[in-house]
Amino acid sequence: MTADVTLEELGTRLGLAFRGDPATAVRGLATLERAGPKDLSFLANPRYRRFLAATRAGIVVLSEADADQCPAAVLISSDPYADFARAAAGFDTSRRFEPGVHPSVQIDTSARIGADCRVAAGVVVEAGARIGDGVHVGAGCVVERDVTVGDGCFLGARVTLCRGVRLGRRVQIHPGAVIGADGFGIAMSEGRWLKVPQLGSVVIGDDCEIGANTTIDRGTLDDTVLEEDVRLDNQIQIGHNVVIGAHTAMAGCAAVAGSARIGRYCLIGGGAGILGHLEIADHVTITAMSLVTHPIREAGEYSSGTPLQSNREWRRNAVRLRQLDALARKIKKLEQE
Amino acid sequence: MTADVTLEELGTRLGLAFRGDPATAVRGLATLERAGPKDLSFLANPRYRRFLAATRAGIVVLSEADADQCPAAVLISSDPYADFARAAAGFDTSRRFEPGVHPSVQIDTSARIGADCRVAAGVVVEAGARIGDGVHVGAGCVVERDVTVGDGCFLGARVTLCRGVRLGRRVQIHPGAVIGADGFGIAMSEGRWLKVPQLGSVVIGDDCEIGANTTIDRGTLDDTVLEEDVRLDNQIQIGHNVVIGAHTAMAGCAAVAGSARIGRYCLIGGGAGILGHLEIADHVTITAMSLVTHPIREAGEYSSGTPLQSNREWRRNAVRLRQLDALARKIKKLEQE
Amino acid sequence: MTADVTLEELGTRLGLAFRGDPATAVRGLATLERAGPKDLSFLANPRYRRFLAATRAGIVVLSEADADQCPAAVLISSDPYADFARAAAGFDTSRRFEPGVHPSVQIDTSARIGADCRVAAGVVVEAGARIGDGVHVGAGCVVERDVTVGDGCFLGARVTLCRGVRLGRRVQIHPGAVIGADGFGIAMSEGRWLKVPQLGSVVIGDDCEIGANTTIDRGTLDDTVLEEDVRLDNQIQIGHNVVIGAHTAMAGCAAVAGSARIGRYCLIGGGAGILGHLEIADHVTITAMSLVTHPIREAGEYSSGTPLQSNREWRRNAVRLRQLDALARKIKKLEQE
C-alpha cells in the first residue's frame with residue numbers, strides 16, 4: 001500500500017519530539033489494541049489508556065503525560081488526535097485515483113470536465129455543468145445543468161448536485177447526498193397548498209465535507225450557503241436559505257429549518273434541531289438531540305431534553321411532569337402559609 | 001428567462017388592488033433586501049419588515065397595513081405569502097423541460113411512456129410500468145415493475161419507485177426519495193427474527209409533494225396511503241400501512257410508525273415522531289421534535305420536550321427531573337402537615 | 001400468483017392445530033378487515049380484535065383464546081404473528097427473480113459474479129468485487145472495488161456498497177442505503193478541521209436486514225460490525241466503529257454515534273439516539289426518541305423525554321422546568337422550617 005516511514009521522518013514531518021529508535025519503521029495504522037510492530041497508533045481518548053501498556057504498535061502518538069507508560073517508540077504531541085490525523089493522511093490511499101472518464105458516462109456536449117479527473121461508470125453530467133481539475137466523480141453521480149464543481153473536489157458514489165449548485169475547491173461529498181433539491185415552500189390558499197417556487201441555489205465553500213444521504217435545500221430566492229470548512233455528518237437536513245458559518249461541524253441527523261443563520265466554529269450535536277428564522281452566535285455548542293427554539297446570542301453550551309432512566313422510574317416522573325405547574329403553585333402556597 | 005410583466009397585469013391576474021405606476025414592470029423575483037428595480041418581492045413574515053423602507057424592489061406584495069411604508073409599487077394582499085407564491089409561479093422555469101427520451105435509458109419493452117415526457121439519462125423503467133403524459137423523470141431514476149405514474153408528475157434525479165407503487169397526477173418527488181421499500185415487519189421466533197413479507201403497496205394521491213431522501217414504506221397486506229395534496233419535506237420516514245389525510249404537511253425528519261392514521265390538514269413539525277397504530281384527528285398541529293404516544297382526538301396544538309437552557313442550568317434541572325416523583329411526594333407531605 | 005394451499009397443509013407445515021374443514025383453501029393474504037374467502041389472515045394485536053367476528057377470511061391464524069369468536073377456519077398458535085409470518089413466506093413472490101445480467105450493466109473485468117444472480121439495469125460493479133451465488137442486485141446499485149457479497153443476498157435498487165465492504169449470506173438491503181461511507185472523523189488544528197482518514201471497513205453478518213436510505217459508516221482503523229440477524233429499519237445512522245450484537249433490531253431514524261457497542265437482542269425505538277464510546281448490555285430496550293448518554297449495564301427498558309400535552313399546558317409546565325432546581329430548593333427549605 002505505502003512505503004515504510006521511520007520515527008525520525010514522522011517526527012520531522014510533524015514537528016514532534018520522539019523517543020525510541022529513530023529507525024523504527026511503520027507502514028500502516030491501527031488502534032492500540034490491534035496494532036502490530038509495523039503500525040502507527042495513537043492515544044487521545046483516555047477511555048483507551050487501558051490498552052497502552054500492552055500495545056504491540058511500532059510507534060504511538062501520545063501526550064507527554066502518557067509517554068512513560070508506552071512500551072513502543074513514541075511521538076510526543078500536545079494534541080495527539082490532530083497529529084495522528086496529520087500522520088495518517090500519508091497512509092490514506094482512499095483519495096488516490098487513476099484519472100479517466102468511463103466509457104458509459106453520459107456527459108452533455110456543453111459540459112466541461114477539467115484535467116486529471118476520474119468520472120466513474122454510470123455518471124450523468126447535464127448541459128452547462130463545469131467540473132474543475134483533479135475531481136473525483138463516483139459511480140452513478142448526477143450533476144445537473146449549470147452546476148459548478150471546483151478543483152480537487154471528491155464526490156463519492158450516487159451524489160446528486162441539482163441545477164446550478166456551486167461547490168468550492170476540495171469539497172468532499174459522500175454517497176447519496178442531495179445538494180440543491182427544492183426547499184419546502186408551501187402556502188395554504190383556499191384549502192389547498194400552493195407551491196412557492198424555489199429559485200435560489202446552494203453555494204458550498206472550500207474544504208467543506210458533506211455526509212452520506214445528507215440533504216441541503218436550495219434557497220427560495222437567495223442562496224443557501226455553507227461557508228468554508230463546514231463539516232456535516234450523515235443524514236443531516238439543511239433547509240432553504242440557511243447560512244452556516246465557517247468551521248462549524250454538525251453530527252449525524254441534525255436538522256436546520258429554513259433561514260436559520262448559524263455562526264462560525266459551532267458544534268451541533270447528533271439529532272439536534274434548530275428552528276427557522278433564528279440566529280446562533282459563533283462558538284456555540286448544542287448537545288445531542290436538543291431543540292433550539294430561540295436565537296442564541298452568546299457563545300457557550302446549550303441543552304434540552306431529560307436524562308435517561310429505567311422506564312419504570314421514567315413513568316413515575318413523567319406523570320409529575322404533566323403536573324409541574326400545579327406542583328409549583330402548591331409550593332408557592334406552602335411558602336405563603 | 002421570462003418576459004416582463006407589469007403591475008397592472010399582476011393585479012388583474014391575481015385579483016389584487018395595486019398602488020403605483022400601472023406600467024411598472026418586473027422580470028424576476030428577489031427578497032426585499034436584495035431586490036432591484038426589475039424584481040417582484042414580498043413581505044409576509046414581520047421579521048423582515050425592517051428591510052421594507054430601504055428596498056429597491058420594483059413591486060412588493062404586502063398587506064394593506066404595510067403598504068404606506070413601501071417605497072415601491074405595491075400589490076395589496078390579505079395573504080401576501082400565498083399571493084407571492086401565485087405570482088412567482090409565472091417566473092418559475094424550473095418545471096419547464098424539453099420532452100425527449102435520452103438514448104441511454106433502459107426501458108423494458110412492456111413499459112409504456114406517455115406523450116411529452118422527458119426521460120433523462122441513466123433512467124431505468126422496468127416491465128409493466130406505465131408513465132402518463134407530460135411526466136419528468138430525472139436522471140438516474142429507477143421505476144420498478146408495474147409502477148403507475150400519473151399525468152404531469154415531476155420526478156427529480158435518482159428517485160426510486162418500487163414495484164407496483166401508484167402515483168396520482170402532478171405528484172412531485174425530489175431526489176433520493178424511495179417510495180415502496182419493504183415495511184419493517186419482523187417477528188421473533190426461537191431466538192431469531194422472521195421476516196414478515198410486505199405485500200401491500202404505496203398509493204400517492206394527486207398533487208402530493210415528497211422531499212429529498214424521504215422514504216415511504218409499502219404496506220404489509222393493505223397499502224400505505226397519502227391522500228391528495230399531502231406535502232412531505234426531506235428525510236421523512238413513513239412506516240407501512242400509514243394513512244395520511246389530504247392537505248396534511250410535515251416538516252423535515254418527521255417519522256411516522258406503522259399503521260398510524262393521520263387526519264386532514266394536520267401540520268407535523270420537523271423531527272416529530274408519531275408512534276404506530278394510533279389515530280390523529282383533523283387539524284392537529286404537532287410542534288417540532290415532539291413525540292406522539294397516544295391517539296389525539298381533538299384538533300389543536302400539541303407538544304412535548306423541554307426548553308433549551310445553558311448546559312449548566314440544564315444539568316442542575318436534569319438532576320431534579322430524576323427526583324421529580326420524590327419531590328412531588330414531599331410537597332404532598334408538607335401539605336398534610 | 002401462487003397455487004391454493006389447504007388448512008390441513010398449512011397446519012402440517014407449521015405444526016399447528018386447526019379447526020374447520022381441512023380442505024378450506026386459500027391463495028392470498030389479507031387483513032381481517034379486508035380478507036375474502038380465499039385469503040389467509042391473522043389476529044395478533046388486540047387492537048384489531050374488533051374485526052374478527054365479521055371477517056370474511058378463509059382461514060385465520062390466532063390464539064386459542066380468540067378461536068371461538070372466529071367465523072372462519074382457524075390455525076391455533078401460541079404466537080400468531082410469527083406463525084403468520086412463516087405461513088406468509090410461501091405467498092411472497094417479491095424475492096423470486098429470473099437470473100440474468102442486464103446488458104446495460106458495467107462490470108469490471110476483474111469482478112466476479114456468482115451463479116443464478118440477477119444484476120438489473122444500470123448496475124456498476126467495480127474492480128475486485130466478488131458477488132456470491134443467487135444474489136439479487138437491483139437497478140442502479142453501485143458495488144465499489146473489493147466489496148464481497150455473500151450467497152443469497154438481496155439488494156434493492158440504488159444501494160451503495162463502498163470499497164471493501166463485506167456482506168455475509170442472505171443479507172437484505174433496501175433502496176438508497178449506503179454502506180461504508182467515511183466515518184465522521186475530524187480534528188481541530190490551528191483553527192481548521194483536519195480530516196482523519198477512515199481506513200477500516202464495514203462487516204455485515206448473515207441474515208441482517210438494512211432499511212431504505214440507512215447509512216452505516218466504515219471504521220476509522222478497525223471495522224464497523226453488525227453481527228448476524230441484526231435488523232435495521234429505514235434512515236438509521238450507524239457511526240464508525242460501532243458494534244451491534246446479534247438479533248438486535250432498531251426502528252426508523254435511530255442513530256448510533258461512533259464506537260458505541262450495543263448488545264445482543266436489544267430493541268432500539270424509532271428516533272432514539274445513542275452517544276459514542278459507550279456500551280449497552282444484552283436485552284436492553286430503548287423507547288422511541290430517547291437519548292442514551294451513559295453506558296447501560298443491566299437488561300431492561302429505558303426512556304427519556306416528556307409526555308405529549310396540549311401546547312397550552314406544555315408551555316405552563318415548560319416554564320417550571322426551567323425553575324426546577326429552584327423549586328426543589330424551596331421544598332427543602334419548607335421541610336427544614
# chains A, B, ... in the order shown; residues from 1 in each chain; ligands from 1
call {"tool": "closest_atom_pairs", "arguments": {"of": "chain B", "to": "chain A", "cutoff": "8 Å", "atoms": "only C-alpha atoms", "output": "JSON lines"}}
result
{"residue": "B:Leu29", "atom": "CA", "partner": "A:Leu221", "partner_atom": "CA", "distance": 6.8}
{"residue": "B:Ala30", "atom": "CA", "partner": "A:Leu221", "partner_atom": "CA", "distance": 5.4}
{"residue": "B:Thr31", "atom": "CA", "partner": "A:Leu221", "partner_atom": "CA", "distance": 6.4}
{"residue": "B:Tyr81", "atom": "CA", "partner": "A:Ala187", "partner_atom": "CA", "distance": 6.5}
{"residue": "B:Ala82", "atom": "CA", "partner": "A:Ala187", "partner_atom": "CA", "distance": 5.1}
{"residue": "B:Phe84", "atom": "CA", "partner": "A:Val196", "partner_atom": "CA", "distance": 8.0}
{"residue": "B:Ala85", "atom": "CA", "partner": "A:Val196", "partner_atom": "CA", "distance": 4.7}
{"residue": "B:Arg86", "atom": "CA", "partner": "A:Leu194", "partner_atom": "CA", "distance": 7.3}
{"residue": "B:Ala88", "atom": "CA", "partner": "A:Pro197", "partner_atom": "CA", "distance": 6.5}
{"residue": "B:Ala89", "atom": "CA", "partner": "A:Pro197", "partner_atom": "CA", "distance": 6.2}
{"residue": "B:Asp92", "atom": "CA", "partner": "A:Pro197", "partner_atom": "CA", "distance": 6.1}
{"residue": "B:Ser94", "atom": "CA", "partner": "A:Leu199", "partner_atom": "CA", "distance": 7.7}
{"residue": "B:Ser104", "atom": "CA", "partner": "A:Gln106", "partner_atom": "CA", "distance": 7.6}
{"residue": "B:Ala121", "atom": "CA", "partner": "A:Val124", "partner_atom": "CA", "distance": 6.5}
{"residue": "B:Gly122", "atom": "CA", "partner": "A:Val124", "partner_atom": "CA", "distance": 7.0}
{"residue": "B:Ala139", "atom": "CA", "partner": "A:Val142", "partner_atom": "CA", "distance": 6.6}
{"residue": "B:Gly140", "atom": "CA", "partner": "A:Val142", "partner_atom": "CA", "distance": 7.2}
{"residue": "B:Ala157", "atom": "CA", "partner": "A:Thr160", "partner_atom": "CA", "distance": 7.1}
{"residue": "B:Arg158", "atom": "CA", "partner": "A:Thr160", "partner_atom": "CA", "distance": 7.7}
{"residue": "B:His174", "atom": "CA", "partner": "A:Ala181", "partner_atom": "CA", "distance": 6.4}
{"residue": "B:Pro175", "atom": "CA", "partner": "A:Val178", "partner_atom": "CA", "distance": 6.7}
{"residue": "B:Gly176", "atom": "CA", "partner": "A:Val178", "partner_atom": "CA", "distance": 7.1}
{"residue": "B:Gly211", "atom": "CA", "partner": "A:Phe184", "partner_atom": "CA", "distance": 7.8}
{"residue": "B:Ala212", "atom": "CA", "partner": "A:Ala181", "partner_atom": "CA", "distance": 6.5}
{"residue": "B:Asn213", "atom": "CA", "partner": "A:Asn213", "partner_atom": "CA", "distance": 7.0}
{"residue": "B:Asp229", "atom": "CA", "partner": "A:Trp193", "partner_atom": "CA", "distance": 6.8}
{"residue": "B:Asp233", "atom": "CA", "partner": "A:Phe184", "partner_atom": "CA", "distance": 5.8}
{"residue": "B:Asn234", "atom": "CA", "partner": "A:Gln237", "partner_atom": "CA", "distance": 7.2}
{"residue": "B:Gln235", "atom": "CA", "partner": "A:Gln237", "partner_atom": "CA", "distance": 7.3}
{"residue": "B:His247", "atom": "CA", "partner": "A:Arg192", "partner_atom": "CA", "distance": 6.4}
{"residue": "B:Ala251", "atom": "CA", "partner": "A:Phe184", "partner_atom": "CA", "distance": 7.8}
{"residue": "B:Gly252", "atom": "CA", "partner": "A:Gln237", "partner_atom": "CA", "distance": 7.1}
{"residue": "B:Cys253", "atom": "CA", "partner": "A:Ala255", "partner_atom": "CA", "distance": 7.5}
{"residue": "B:Gly270", "atom": "CA", "partner": "A:Ala257", "partner_atom": "CA", "distance": 7.9}
{"residue": "B:Gly271", "atom": "CA", "partner": "A:Gly273", "partner_atom": "CA", "distance": 7.4}
{"residue": "B:Met289", "atom": "CA", "partner": "A:Leu291", "partner_atom": "CA", "distance": 7.4}
{"residue": "B:Gly305", "atom": "CA", "partner": "A:Gly305", "partner_atom": "CA", "distance": 6.1}
{"residue": "B:Thr306", "atom": "CA", "partner": "A:Gly305", "partner_atom": "CA", "distance": 5.3}
{"residue": "B:Pro307", "atom": "CA", "partner": "A:Ser304", "partner_atom": "CA", "distance": 5.7}
{"residue": "B:Leu308", "atom": "CA", "partner": "A:Ser304", "partner_atom": "CA", "distance": 4.5}
{"residue": "B:Gln309", "atom": "CA", "partner": "A:Tyr302", "partner_atom": "CA", "distance": 5.5}
{"residue": "B:Ser310", "atom": "CA", "partner": "A:Tyr302", "partner_atom": "CA", "distance": 4.3}
{"residue": "B:Asn311", "atom": "CA", "partner": "A:Tyr302", "partner_atom": "CA", "distance": 4.6}
{"residue": "B:Trp314", "atom": "CA", "partner": "A:Ser303", "partner_atom": "CA", "distance": 6.3}
{"residue": "B:Ala318", "atom": "CA", "partner": "A:Thr306", "partner_atom": "CA", "distance": 6.1}
{"residue": "B:Leu321", "atom": "CA", "partner": "A:Thr306", "partner_atom": "CA", "distance": 7.1}
{"residue": "B:Arg322", "atom": "CA", "partner": "A:Asn317", "partner_atom": "CA", "distance": 7.0}
{"residue": "B:Gln323", "atom": "CA", "partner": "A:Asn317", "partner_atom": "CA", "distance": 7.4}
{"residue": "B:Leu324", "atom": "CA", "partner": "A:Asn317", "partner_atom": "CA", "distance": 5.4}
{"residue": "B:Asp325", "atom": "CA", "partner": "A:Asn317", "partner_atom": "CA", "distance": 5.0}
{"residue": "B:Ala328", "atom": "CA", "partner": "A:Leu327", "partner_atom": "CA", "distance": 6.9}
{"residue": "B:Ile331", "atom": "CA", "partner": "A:Ile331", "partner_atom": "CA", "distance": 6.9}
{"residue": "B:Leu334", "atom": "CA", "partner": "A:Leu334", "partner_atom": "CA", "distance": 7.7}
{"residue": "B:Glu335", "atom": "CA", "partner": "A:Leu334", "partner_atom": "CA", "distance": 7.0}
call {"tool": "select_by_dssp", "arguments": {"residues": "segment 247-287 of chain B", "states": "strand (DSSP E or B)", "output": "number ranges by chain"}}
result
B: 249-250, 255-256, 261-262, 267-268, 273-274, 279-280, 284-286
call {"tool": "select_by_dssp", "arguments": {"residues": "segment 39-180 of chain B", "states": "alpha helix (DSSP H)", "output": "list of chain:residue names"}}
result
B:Glu64, B:Ala65, B:Asp66, B:Ala67, B:Pro80, B:Tyr81, B:Ala82, B:Asp83, B:Phe84, B:Ala85, B:Arg86, B:Ala87, B:Ala88, B:Ala89
call {"tool": "write_last_selection", "arguments": {"atoms": "C-alpha atoms", "output": "CSV table (one decimal), in the first residue's frame"}}
result
chain,number,residue,atom,x,y,z
B,64,GLU,CA,-52.7,46.9,3.5
B,65,ALA,CA,-51.1,47.7,6.9
B,66,ASP,CA,-47.5,47.7,5.4
B,67,ALA,CA,-48.3,49.5,2.2
B,80,PRO,CA,-49.0,38.1,0.9
B,81,TYR,CA,-47.2,34.8,1.1
B,82,ALA,CA,-49.8,32.9,-0.9
B,83,ASP,CA,-50.2,35.7,-3.4
B,84,PHE,CA,-46.5,36.0,-3.9
B,85,ALA,CA,-46.4,32.2,-4.5
B,86,ARG,CA,-49.1,32.6,-7.1
B,87,ALA,CA,-47.3,35.4,-8.8
B,88,ALA,CA,-43.9,33.6,-8.6
B,89,ALA,CA,-45.2,30.5,-10.4
call {"tool": "residues_around", "arguments": {"residues": "Arg169 of chain C", "least_positions_apart": "5", "cutoff": "6 Å", "atoms": "only C-alpha atoms", "output": "list of chain:residue names"}}
result
C:Gly150, C:Asp151, C:Gly152, C:Cys153, C:Asp206
